[in-house]
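Chemist: Contents of start-v1.cif (mmCIF, C-alpha atoms):
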```cif
data_start
loop_
_atom_site.label_atom_id
_atom_site.label_comp_id
_atom_site.auth_asym_id
_atom_site.auth_seq_id
_atom_site.Cartn_x
_atom_site.Cartn_y
_atom_site.Cartn_z
CA GLY A 1 17.11 -4.96 0.71
CA GLU A 2 14.55 -2.26 1.36
CA ASP A 3 13.77 -1.09 4.86
CA VAL A 4 11.48 1.84 5.59
CA GLU A 5 11.09 3.15 9.12
CA GLN A 6 8.58 5.52 10.65
CA SER A 7 7.65 6.59 14.14
CA LEU A 8 4.47 4.83 15.19
CA PHE A 9 2.39 7.59 16.78
CA LEU A 10 1.84 11.33 16.52
CA SER A 11 -0.63 13.43 18.49
CA VAL A 12 -1.35 16.95 17.27
CA ARG A 13 -3.76 19.70 18.19
CA GLU A 14 -6.32 20.78 15.64
CA GLY A 15 -5.03 23.74 13.65
CA ASP A 16 -1.36 22.97 14.31
CA SER A 17 1.05 21.53 11.76
CA SER A 18 1.85 17.81 11.73
CA VAL A 19 5.21 16.48 10.66
CA ILE A 20 5.60 12.78 9.94
CA ASN A 21 9.10 11.45 9.38
CA CYS A 22 10.39 8.46 7.47
CA THR A 23 13.79 6.98 6.72
CA TYR A 24 14.59 4.55 3.96
CA THR A 25 17.64 2.59 2.95
CA ASP A 26 17.48 2.05 -0.80
CA SER A 27 19.30 4.94 -2.45
CA SER A 28 18.18 3.77 -5.91
CA SER A 29 14.49 4.28 -5.18
CA THR A 30 12.83 6.20 -7.99
CA TYR A 31 9.74 7.54 -6.25
CA LEU A 32 8.72 7.99 -2.63
CA TYR A 33 5.08 8.05 -1.62
CA TRP A 34 2.79 8.99 1.19
CA TYR A 35 -0.44 7.03 1.55
CA LYS A 36 -3.24 7.61 4.05
CA GLN A 37 -5.38 4.86 5.53
CA GLU A 38 -8.54 5.61 7.45
CA PRO A 39 -10.12 2.91 9.65
CA GLY A 40 -11.53 0.06 7.59
CA ALA A 41 -10.49 1.67 4.33
CA GLY A 42 -7.89 1.13 1.66
CA LEU A 43 -4.74 3.12 1.04
CA GLN A 44 -5.36 6.53 -0.45
CA LEU A 45 -2.51 8.16 -2.33
CA LEU A 46 -1.74 11.53 -0.76
CA THR A 47 1.32 12.65 -2.64
CA TYR A 48 4.61 11.47 -4.05
CA ILE A 49 8.00 12.88 -4.88
CA PHE A 50 10.48 11.90 -7.53
CA SER A 51 13.88 11.01 -6.15
CA ASN A 52 15.66 13.91 -7.86
CA MET A 53 13.46 16.50 -6.16
CA ASP A 54 13.98 18.11 -2.76
CA MET A 55 10.54 19.43 -2.06
CA LYS A 56 6.97 19.21 -3.31
CA GLN A 57 4.01 21.23 -2.13
CA ASP A 58 0.38 20.37 -2.74
CA GLN A 59 -2.15 22.54 -0.91
CA ARG A 60 -1.77 21.71 2.81
CA LEU A 61 0.84 19.03 2.16
CA THR A 62 4.59 19.59 1.91
CA VAL A 63 7.00 16.77 1.21
CA LEU A 64 10.69 17.20 1.94
CA LEU A 65 13.31 14.76 0.69
CA ASN A 66 16.88 14.63 1.98
CA LYS A 67 18.61 12.11 -0.25
CA LYS A 68 21.91 12.31 1.56
CA ASP A 69 20.31 11.21 4.83
CA LYS A 70 17.62 9.11 3.11
CA HIS A 71 15.01 11.03 5.05
CA LEU A 72 11.50 11.88 3.90
CA SER A 73 8.96 13.99 5.73
CA LEU A 74 5.34 14.97 5.27
CA ARG A 75 4.07 18.19 6.74
CA ILE A 76 0.34 18.78 7.02
CA ALA A 77 -0.54 22.41 7.62
CA ASP A 78 -3.61 23.40 9.65
CA THR A 79 -4.31 19.81 10.73
CA GLN A 80 -8.00 18.93 10.86
CA THR A 81 -9.93 16.13 12.59
CA GLY A 82 -10.36 14.49 9.20
CA ASP A 83 -6.60 14.09 9.03
CA SER A 84 -6.71 11.48 11.81
CA ALA A 85 -5.51 8.28 10.12
CA ILE A 86 -2.50 6.05 9.59
CA TYR A 87 0.09 7.49 7.22
CA PHE A 88 2.40 5.19 5.31
CA CYS A 89 5.67 6.13 3.74
CA ALA A 90 6.69 3.91 0.80
CA GLU A 91 9.59 3.71 -1.61
CA LEU A 92 9.42 2.36 -5.16
CA HIS A 93 12.35 0.37 -6.45
CA ASP A 94 11.74 -1.29 -9.82
CA TYR A 95 8.10 -2.34 -9.42
CA LYS A 96 8.23 -3.02 -5.69
CA LEU A 97 6.67 -0.71 -3.15
CA SER A 98 8.19 -1.14 0.30
CA PHE A 99 6.12 0.32 3.10
CA GLY A 100 6.92 1.57 6.55
CA ALA A 101 4.86 0.34 9.49
CA GLY A 102 2.69 3.46 9.41
CA THR A 103 2.34 6.47 11.71
CA THR A 104 -0.97 6.80 13.53
CA VAL A 105 -1.89 10.47 13.67
CA THR A 106 -4.43 11.53 16.26
CA VAL A 107 -5.86 15.03 16.04
CA ARG A 108 -7.16 16.39 19.33
CA ALA A 109 -9.48 19.36 19.73
CA ASP B 1 -13.51 6.84 -13.33
CA ALA B 2 -14.00 3.92 -10.97
CA GLY B 3 -11.01 3.00 -8.88
CA VAL B 4 -9.80 -0.50 -8.14
CA ILE B 5 -12.76 -2.69 -7.19
CA GLN B 6 -12.46 -5.61 -4.81
CA SER B 7 -14.97 -8.16 -3.65
CA PRO B 8 -16.06 -9.28 -1.20
CA ARG B 9 -15.27 -6.52 1.29
CA HIS B 10 -15.52 -8.93 4.19
CA GLU B 11 -15.19 -12.68 4.26
CA VAL B 12 -15.57 -14.97 7.25
CA THR B 13 -14.86 -18.62 6.70
CA GLU B 14 -13.86 -21.72 8.59
CA MET B 15 -10.46 -23.31 8.56
CA GLY B 16 -10.05 -25.67 5.63
CA GLN B 17 -12.46 -23.87 3.33
CA GLU B 18 -11.50 -22.39 -0.01
CA VAL B 19 -11.53 -18.60 -0.26
CA THR B 20 -11.52 -16.58 -3.47
CA LEU B 21 -10.86 -12.87 -3.51
CA ARG B 22 -11.59 -10.80 -6.61
CA CYS B 23 -10.15 -7.66 -8.11
CA LYS B 24 -10.96 -5.41 -11.03
CA PRO B 25 -8.10 -3.01 -11.79
CA ILE B 26 -8.46 0.48 -13.16
CA SER B 27 -9.19 0.33 -16.86
CA GLY B 28 -6.05 0.74 -18.96
CA HIS B 29 -3.65 -0.18 -16.19
CA ASN B 30 -1.17 -2.83 -17.23
CA SER B 31 0.16 -3.82 -13.82
CA LEU B 32 -1.69 -5.47 -10.96
CA PHE B 33 -0.50 -6.23 -7.45
CA TRP B 34 -1.87 -8.24 -4.53
CA TYR B 35 -0.80 -7.19 -1.02
CA ARG B 36 -1.55 -8.54 2.43
CA GLN B 37 -1.74 -6.35 5.54
CA THR B 38 -1.34 -7.74 9.04
CA MET B 39 -0.47 -6.15 12.36
CA MET B 40 2.64 -8.27 12.68
CA ARG B 41 4.09 -7.91 9.19
CA GLY B 42 2.56 -4.73 7.86
CA LEU B 43 1.99 -4.51 4.10
CA GLU B 44 3.58 -7.26 2.04
CA LEU B 45 3.58 -7.74 -1.71
CA LEU B 46 2.25 -11.18 -2.57
CA ILE B 47 2.32 -11.18 -6.37
CA TYR B 48 2.76 -8.83 -9.31
CA PHE B 49 1.24 -9.22 -12.79
CA ASN B 50 2.26 -7.29 -15.87
CA ASN B 51 0.00 -7.51 -18.93
CA ASN B 52 -1.83 -10.41 -17.24
CA VAL B 53 1.38 -12.42 -16.77
CA PRO B 54 2.68 -13.21 -13.26
CA ILE B 55 6.12 -11.64 -12.99
CA ASP B 56 6.98 -12.00 -9.32
CA ASP B 57 5.20 -14.38 -6.97
CA SER B 58 8.01 -14.64 -4.45
CA GLY B 59 5.79 -13.12 -1.78
CA MET B 60 3.14 -15.81 -1.98
CA PRO B 61 3.36 -17.50 1.42
CA GLU B 62 2.98 -21.11 0.33
CA ASP B 63 1.33 -23.41 -2.14
CA ARG B 64 -2.06 -22.88 -0.56
CA PHE B 65 -2.09 -19.47 -2.22
CA SER B 66 -2.62 -19.02 -5.94
CA ALA B 67 -3.42 -16.03 -8.13
CA LYS B 68 -4.67 -15.70 -11.67
CA MET B 69 -5.33 -12.92 -14.12
CA PRO B 70 -7.33 -14.36 -17.03
CA ASN B 71 -7.78 -10.96 -18.66
CA ALA B 72 -6.86 -7.32 -18.23
CA SER B 73 -9.90 -6.51 -16.15
CA PHE B 74 -10.02 -9.32 -13.61
CA SER B 75 -7.81 -11.11 -11.12
CA THR B 76 -8.39 -13.62 -8.36
CA LEU B 77 -6.44 -14.63 -5.28
CA LYS B 78 -7.36 -18.05 -3.98
CA ILE B 79 -6.48 -19.69 -0.68
CA GLN B 80 -7.10 -23.42 -0.44
CA PRO B 81 -7.28 -24.67 2.25
CA SER B 82 -7.53 -21.57 4.42
CA GLU B 83 -5.96 -21.39 7.89
CA PRO B 84 -6.51 -18.97 10.81
CA ARG B 85 -3.10 -17.38 10.20
CA ASP B 86 -4.35 -16.25 6.78
CA SER B 87 -6.64 -13.76 8.52
CA ALA B 88 -5.64 -10.35 7.21
CA VAL B 89 -6.71 -7.54 4.91
CA TYR B 90 -5.90 -8.30 1.29
CA PHE B 91 -5.44 -5.37 -1.06
CA CYS B 92 -5.33 -5.25 -4.81
CA ALA B 93 -3.56 -2.36 -6.52
CA SER B 94 -3.00 -1.37 -10.13
CA SER B 95 -0.76 1.01 -12.01
CA LEU B 96 -0.30 2.15 -15.57
CA ARG B 97 3.30 1.01 -15.68
CA ALA B 98 4.83 -0.79 -12.75
CA TYR B 99 8.27 0.78 -12.76
CA THR B 100 7.34 4.42 -12.92
CA ASP B 101 3.72 4.95 -12.06
CA THR B 102 1.70 5.27 -8.92
CA GLN B 103 -0.06 2.23 -7.54
CA TYR B 104 -3.72 2.81 -6.74
CA PHE B 105 -5.24 0.60 -4.09
CA GLY B 106 -8.65 -0.95 -3.76
CA PRO B 107 -10.65 -0.87 -0.52
CA GLY B 108 -9.40 -4.30 0.52
CA THR B 109 -11.00 -7.56 1.58
CA ARG B 110 -10.96 -8.29 5.30
CA LEU B 111 -10.59 -12.04 5.66
CA THR B 112 -11.27 -13.86 8.91
CA VAL B 113 -10.57 -17.58 9.10
CA LEU B 114 -12.06 -19.22 12.18
#
```
Take the structure in the file and write it out as structure tokens.

Modeler:
Amino acid sequence: GEDVEQSLFLSVREGDSSVINCTYTDSSSTYLYWYKQEPGAGLQLLTYIFSNMDMKQDQRLTVLLNKKDKHLSLRIADTQTGDSAIYFCAELHDYKLSFGAGTTVTVRA
Amino acid sequence: DAGVIQSPRHEVTEMGQEVTLRCKPISGHNSLFWYRQTMMRGLELLIYFNNNVPIDDSGMPEDRFSAKMPNASFSTLKIQPSEPRDSAVYFCASSLRAYTDTQYFGPGTRLTVL
């Protein structure tokens, strides 16, 4: 079965980099995703990585995938107050998205 | 293009009442998903439709829950009768193809059953 784990909280100073970590168990996952959820809102797709890639960069976002350790990370450069939200890691296996519990990121001035 | 549209955004009802949640997927998307989000259980897949046909409803909690997709642009999730433990945020998502494409989520319906 699928099991995705994330740390629950991260506090970061404005302008610093944030790194959110995630581990998953299903080695046959095809895609891995990062979604962002702001209070009272839906899940916004941030980025994704195909399982045969090691890294993907998209503006301030960098995704690293270590397939051997089944470890995924999201780095946000120059973190801003608007980055305060809950970040969900998810893996896609067949049609099923399995989500982690979410990491609450708080950006302090 | 409009994203996934859900209505209502908020619903407050009393135990025992029927609740109907609505979803309009992104035009051209063939797959539709209903999820439930709670503090205790996180995000759970309730049901998955492909080309309007229910493929996997193993996540539907019990017979009080039912979902339909009468056409490619509309789906409903119905709870009858509703119970306080059904209080949650219900999300609809759609994708072009379920096995390979990104799922895009609607804003959700926050349901409170008193």

Chemist: Apply the PyMOL selection byres ((chain A) within 12 of (chain B)) to the file shown and report the selected residues as a tab-separated table (two decimals) with C-alpha atoms, in the coordinates of the input.

Modeler:
```tsv
chain	number	residue	atom	x	y	z
A	4	VAL	CA	11.48	1.84	5.59
A	5	GLU	CA	11.09	3.15	9.12
A	29	SER	CA	14.49	4.28	-5.18
A	30	THR	CA	12.83	6.20	-7.99
A	31	TYR	CA	9.74	7.54	-6.25
A	32	LEU	CA	8.72	7.99	-2.63
A	33	TYR	CA	5.08	8.05	-1.62
A	34	TRP	CA	2.79	8.99	1.19
A	35	TYR	CA	-0.44	7.03	1.55
A	36	LYS	CA	-3.24	7.61	4.05
A	37	GLN	CA	-5.38	4.86	5.53
A	38	GLU	CA	-8.54	5.61	7.45
A	39	PRO	CA	-10.12	2.91	9.65
A	40	GLY	CA	-11.53	0.06	7.59
A	41	ALA	CA	-10.49	1.67	4.33
A	42	GLY	CA	-7.89	1.13	1.66
A	43	LEU	CA	-4.74	3.12	1.04
A	44	GLN	CA	-5.36	6.53	-0.45
A	45	LEU	CA	-2.51	8.16	-2.33
A	46	LEU	CA	-1.74	11.53	-0.76
A	47	THR	CA	1.32	12.65	-2.64
A	48	TYR	CA	4.61	11.47	-4.05
A	49	ILE	CA	8.00	12.88	-4.88
A	50	PHE	CA	10.48	11.90	-7.53
A	51	SER	CA	13.88	11.01	-6.15
A	88	PHE	CA	2.40	5.19	5.31
A	89	CYS	CA	5.67	6.13	3.74
A	90	ALA	CA	6.69	3.91	0.80
A	91	GLU	CA	9.59	3.71	-1.61
A	92	LEU	CA	9.42	2.36	-5.16
A	93	HIS	CA	12.35	0.37	-6.45
A	94	ASP	CA	11.74	-1.29	-9.82
A	95	TYR	CA	8.10	-2.34	-9.42
A	96	LYS	CA	8.23	-3.02	-5.69
A	97	LEU	CA	6.67	-0.71	-3.15
A	98	SER	CA	8.19	-1.14	0.30
A	99	PHE	CA	6.12	0.32	3.10
A	100	GLY	CA	6.92	1.57	6.55
A	101	ALA	CA	4.86	0.34	9.49
A	102	GLY	CA	2.69	3.46	9.41
A	103	THR	CA	2.34	6.47	11.71
```

Chemist: Just how far from CA of Ser27 (chain A) is CA of Leu10 (chain A), in Å to one decimal?

Modeler: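 Rounded to one decimal, the two atoms are 26.6 Å apart.
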
Chemist: Quick one: residues within 8 Å of Asp16 (chain A), only C-alpha atoms counted, chain neighbours fewer than 4 positions away excluded, as a ChimeraX atom specification?

Modeler: /A:12,77-79

Chemist: Rounded to one decimal in Å, what is the spacing between CA of Val107 (chain A) and CA of Ser84 (chain A)?

Modeler: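 Taking CA of Val107 (chain A) and CA of Ser84 (chain A), their separation equals 5.6 Å.
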
Chemist: Rounded to one decimal, what separation in Å do you get between CA of Leu32 (chain B) and CA of Ser87 (chain B)?

Modeler: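 Taking CA of Leu32 (chain B) as the start and CA of Ser87 (chain B) as the end point, the length is 21.7 Å.
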
Chemist: Around (-5.3, -4.5, -15.2) in the file's own coordinates, what residues are found within 12 Å if you use only C-alpha atoms, given back as a ChimeraX atom specification?

Modeler: /B:3-5,23-34,48-54,68-76,92-98,103-104

Chemist: Have a look at B:Glu11, B:Asp57, B:Glu18, B:Arg64 and name the one nearest to Ala88 (chain B); count all atoms listed in the file.

Modeler: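 Going through B:Glu11, B:Asp57, B:Glu18, B:Arg64 one by one, the smallest distance to Ala88 (chain B) is for B:Glu11.
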
Chemist: For each of A:Cys22, A:Tyr87, A:Thr106, A:Thr81, take the minimum atom-to-atom distance to Lys67 (chain A), counting only C-alpha atoms, then give the residue where this is smallest.

Modeler: A:Cys22

Chemist: Please evaluate the PyMOL selection byres ((chain B and resi 13) around 10) against the structure above and give the resulting residues as a ChimeraX atom specification.

Modeler: /B:11-12,14-19,82-84,87,111-114

Chemist: Around all the atoms of region 31-44 of chain A listed in the file, with 8 Å of room on each side, what axis-aligned box do you get, giving centre and edge lengths in Å to one decimal, as JSON?

Modeler:
```
{"center_x": -0.9, "center_y": 4.5, "center_z": 1.7, "size_x": 37.3, "size_y": 24.9, "size_z": 31.9}
```

Chemist: Selected by the PyMOL selection byres ((chain A and resi 61) around 7) in the shown coordinates: which residues, as an NGL selection string?

Modeler: :A and (57-60 or 62-63 or 74-77)
